[in-house]
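First comes the structure, then the notes that go with it.
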Amino acid sequence: MSVQEKLRNILTGVETEMKGKKYVAITGFSGVGKTVLLTLLNHALDSSFFDRYPDIKGHVASGRPILETWENSLLDGEFPKRTQLSTREDIVIEMSGKGLTSATRHIHLPDISGEDFKTMCIEDIDDEERLLQVLEMAKIKGKPHGVMSYVPLSNMYLILLDCSKISEWEKLAIRHVQFLTTIRAFKNIINQTPSSDKINTPIGIILTKSDNLPDPDVTASEIVHTHMKRFSNALESIHTNPEKIKFFKVYIDVERD
């Protein structure tokens, strides 16, 4: 079976499984803060979202022990341990109530190590082979595709940048540009681009550990353009709509080191 035939067969299964669902790919190198972001998201749901929308009820249907471990670490003034390579924690939050268009909604928060980002940046193979590797990575038992299959078809991408390593950003820019061009190639292969050189999927750039920045008043977009100019230019060049590219700064009030 050729690469193209195998790819087509796997994509058909993935698209069928994802039909009617929406996915957000949260990506970045290992240690950038993806696990912390998931912990904060869960805390925000508990501490403010459900208070604001009392008709909606929610609970953690799967993964509560690991969520509690992460949150307790933060409350103790420590960051959660890095997610180990080749491991995956699956968090499922179940929501129901009058405020939802369907009876029950599920928020799946798979915590995967930085392998997803590294795999997207593989060089020296063509786009179809790279897409096949991503779809087959860490295959799920009984399925022809793996845990990263949602990444090429995601409805939004959040790319995390570690402000504690801002001096290295320019050197890391080439990897982040590769990630963007890979997403563009994947969207083109699965016919989700308006043209072969542009994408229109929303992209968020999140600056984590931004308390490390010397000037807290500089906007996130200015910081990226100054310290990662190649990446900033690539964002503008591959996207159809600059309004769909948003920049954010995130930090937790902790005493570092």
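Convention: chains lettered A, B, ... in structure tokens order; per-chain residue numbering from 1; ligands numbered from 1 as shown.
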
Selection: 9 Å around Cys121 (chain A), only C-alpha atoms, excl. self and same-chain fewer than 3 positions, as JSON, numbers by chain: {"A": [116, 117, 118, 130, 175, 176, 177, 178, 179, 182]}

Skip Ser167 (chain A) itself and residues of its chain fewer than 2 positions away, then list as a tab-separated table (two decimals) with C-alpha atoms, in the first residue's frame all residues within 12 Å of it, counting only C-alpha atoms.
chain	number	residue	atom	x	y	z
A	161	LEU	CA	6.58	30.33	24.25
A	162	ASP	CA	8.67	30.19	27.44
A	163	CYS	CA	9.67	33.70	28.57
A	164	SER	CA	12.34	32.31	30.90
A	165	LYS	CA	14.22	31.30	27.71
A	169	TRP	CA	13.95	32.53	21.09
A	170	GLU	CA	15.73	33.61	17.93
A	171	LYS	CA	17.57	30.28	17.77
A	172	LEU	CA	14.29	28.43	18.38
A	173	ALA	CA	12.45	30.48	15.77
A	212	ASN	CA	10.44	36.80	33.81
A	213	LEU	CA	10.10	39.70	31.37
A	223	ILE	CA	7.78	40.90	22.47
A	224	VAL	CA	7.37	38.15	19.88
A	226	THR	CA	11.25	41.82	18.73
A	227	HIS	CA	12.72	38.55	20.00
A	228	MET	CA	11.37	36.06	17.44

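The space separating CA of Asn200 (chain A) from CA of Ile93 (chain A) comes to 28.3 Å.
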
Spatial neighbours of His43 (chain A), 12 Å, only C-alpha atoms, chain gap at least 5 places, as an MDAnalysis selection string: chainID A and resid 36:38 48:50 59:60 67:68 70:72 74:75 93

Keeping only N, CA and C atoms, write those residues as a compact mmCIF listing (two decimals), in the first residue's frame.
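Contents of the output file selection.txt:
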# COMPACT_ATOMS: atom_id res chain seq x y z
N VAL A 36 0.74 23.21 33.28
CA VAL A 36 0.29 24.29 34.16
C VAL A 36 -0.94 24.98 33.56
N LEU A 37 -0.93 25.20 32.25
CA LEU A 37 -2.06 25.84 31.59
C LEU A 37 -3.33 25.00 31.74
N LEU A 38 -3.21 23.68 31.61
CA LEU A 38 -4.37 22.81 31.79
C LEU A 38 -4.89 22.90 33.23
N SER A 48 -14.73 30.15 38.63
CA SER A 48 -15.46 31.30 38.08
C SER A 48 -16.51 30.93 37.03
N PHE A 49 -16.20 30.00 36.13
CA PHE A 49 -17.12 29.72 35.02
C PHE A 49 -18.47 29.20 35.53
N PHE A 50 -18.43 28.18 36.40
CA PHE A 50 -19.68 27.59 36.86
C PHE A 50 -20.45 28.54 37.78
N HIS A 59 -18.24 18.37 36.18
CA HIS A 59 -17.39 17.60 37.09
C HIS A 59 -16.30 16.91 36.28
N VAL A 60 -15.24 16.55 36.96
CA VAL A 60 -14.14 15.83 36.31
C VAL A 60 -14.54 14.36 36.24
N LEU A 67 -5.04 15.73 38.22
CA LEU A 67 -5.37 17.15 38.32
C LEU A 67 -5.14 17.66 39.73
N GLU A 68 -5.54 16.88 40.73
CA GLU A 68 -5.34 17.28 42.13
C GLU A 68 -3.86 17.37 42.46
N TRP A 70 -1.41 18.11 40.35
CA TRP A 70 -0.89 19.33 39.73
C TRP A 70 -1.31 20.57 40.52
N GLU A 71 -2.59 20.64 40.88
CA GLU A 71 -3.08 21.83 41.56
C GLU A 71 -2.45 21.97 42.94
N ASN A 72 -2.30 20.87 43.65
CA ASN A 72 -1.67 20.93 44.97
C ASN A 72 -0.22 21.39 44.88
N LEU A 74 0.95 23.51 42.69
CA LEU A 74 0.91 24.97 42.51
C LEU A 74 0.55 25.67 43.81
N LEU A 75 -0.40 25.12 44.55
CA LEU A 75 -0.79 25.73 45.81
C LEU A 75 0.34 25.68 46.84
N ILE A 93 -13.55 16.53 31.36
CA ILE A 93 -14.49 17.30 32.16
C ILE A 93 -15.86 17.20 31.48

For Pro54 (chain A), the nearest of the candidates A:Asn191, A:Ser96, A:Thr27, A:Thr16, counting only C-alpha atoms: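 Closest residue, counting only C-alpha atoms: A:Ser96.
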
Residue nearest Glu17 (chain A) - candidates A:Ile189, A:Val250, A:Leu153, A:Ile159, atoms counted: only C-alpha atoms: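 Using only C-alpha atoms, the shortest distance to Glu17 (chain A) belongs to A:Leu153.
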
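Of the residues in region 117-176 of chain A, those that DSSP places in alpha helix (DSSP H) on the basis of the backbone are A:Phe117, A:Lys118, A:Thr119, A:Met120, A:Asp127, A:Glu128, A:Glu129, A:Arg130, A:Leu131, A:Leu132, A:Gln133, A:Val134, A:Leu135, A:Glu136, A:Trp169, A:Glu170, A:Lys171, A:Leu172, A:Ala173, A:Ile174, A:Arg175, A:His176.
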
Selection to disk with N, CA and C atoms, as an mmCIF file, in the first residue's frame:
data_model
loop_
_atom_site.group_PDB
_atom_site.id
_atom_site.type_symbol
_atom_site.label_atom_id
_atom_site.label_comp_id
_atom_site.auth_asym_id
_atom_site.auth_seq_id
_atom_site.Cartn_x
_atom_site.Cartn_y
_atom_site.Cartn_z
ATOM 1 N N PHE A 117 5.159 18.661 19.422
ATOM 2 C CA PHE A 117 5.839 19.761 18.736
ATOM 3 C C PHE A 117 7.049 19.250 17.970
ATOM 4 N N LYS A 118 7.834 18.386 18.604
ATOM 5 C CA LYS A 118 9.036 17.859 17.948
ATOM 6 C C LYS A 118 8.682 17.054 16.710
ATOM 7 N N THR A 119 7.624 16.254 16.795
ATOM 8 C CA THR A 119 7.223 15.441 15.649
ATOM 9 C C THR A 119 6.800 16.314 14.483
ATOM 10 N N MET A 120 6.135 17.429 14.774
ATOM 11 C CA MET A 120 5.700 18.329 13.714
ATOM 12 C C MET A 120 6.880 19.010 13.034
ATOM 13 N N ASP A 127 5.824 16.090 3.053
ATOM 14 C CA ASP A 127 4.695 16.448 3.914
ATOM 15 C C ASP A 127 3.752 15.281 4.166
ATOM 16 N N GLU A 128 3.512 14.437 3.164
ATOM 17 C CA GLU A 128 2.598 13.316 3.348
ATOM 18 C C GLU A 128 3.178 12.284 4.317
ATOM 19 N N GLU A 129 4.487 12.025 4.217
ATOM 20 C CA GLU A 129 5.128 11.093 5.159
ATOM 21 C C GLU A 129 5.116 11.652 6.571
ATOM 22 N N ARG A 130 5.338 12.953 6.696
ATOM 23 C CA ARG A 130 5.314 13.585 8.028
ATOM 24 C C ARG A 130 3.908 13.486 8.623
ATOM 25 N N LEU A 131 2.876 13.750 7.823
ATOM 26 C CA LEU A 131 1.505 13.655 8.301
ATOM 27 C C LEU A 131 1.183 12.233 8.732
ATOM 28 N N LEU A 132 1.648 11.257 7.983
ATOM 29 C CA LEU A 132 1.415 9.857 8.332
ATOM 30 C C LEU A 132 2.070 9.520 9.672
ATOM 31 N N GLN A 133 3.297 10.036 9.899
ATOM 32 C CA GLN A 133 3.983 9.793 11.178
ATOM 33 C C GLN A 133 3.199 10.384 12.342
ATOM 34 N N VAL A 134 2.665 11.591 12.146
ATOM 35 C CA VAL A 134 1.897 12.240 13.202
ATOM 36 C C VAL A 134 0.634 11.434 13.505
ATOM 37 N N LEU A 135 -0.054 10.981 12.471
ATOM 38 C CA LEU A 135 -1.300 10.237 12.658
ATOM 39 C C LEU A 135 -1.065 8.879 13.325
ATOM 40 N N GLU A 136 0.097 8.282 13.061
ATOM 41 C CA GLU A 136 0.370 6.945 13.593
ATOM 42 C C GLU A 136 1.118 6.951 14.920
ATOM 43 N N TRP A 169 15.082 32.527 22.013
ATOM 44 C CA TRP A 169 13.949 32.527 21.088
ATOM 45 C C TRP A 169 14.378 32.603 19.625
ATOM 46 N N GLU A 170 15.343 33.444 19.336
ATOM 47 C CA GLU A 170 15.730 33.607 17.933
ATOM 48 C C GLU A 170 16.302 32.307 17.374
ATOM 49 N N LYS A 171 17.037 31.564 18.225
ATOM 50 C CA LYS A 171 17.565 30.277 17.769
ATOM 51 C C LYS A 171 16.447 29.251 17.615
ATOM 52 N N LEU A 172 15.412 29.364 18.448
ATOM 53 C CA LEU A 172 14.288 28.431 18.376
ATOM 54 C C LEU A 172 13.286 28.805 17.285
ATOM 55 N N ALA A 173 13.442 29.990 16.728
ATOM 56 C CA ALA A 173 12.453 30.480 15.766
ATOM 57 C C ALA A 173 12.303 29.556 14.573
ATOM 58 N N ILE A 174 13.413 28.991 14.104
ATOM 59 C CA ILE A 174 13.345 28.139 12.913
ATOM 60 C C ILE A 174 12.452 26.924 13.147
ATOM 61 N N ARG A 175 12.463 26.381 14.392
ATOM 62 C CA ARG A 175 11.607 25.232 14.710
ATOM 63 C C ARG A 175 10.136 25.650 14.728
ATOM 64 N N HIS A 176 9.871 26.829 15.243
ATOM 65 C CA HIS A 176 8.488 27.309 15.296
ATOM 66 C C HIS A 176 7.970 27.657 13.895
#

Best match for closeness to Lys98 (chain A) among A:Thr12, A:Lys57, A:Ser154, A:Thr181, counting only C-alpha atoms: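 Of A:Thr12, A:Lys57, A:Ser154, A:Thr181, the one nearest Lys98 (chain A), counting only C-alpha atoms, is A:Lys57.
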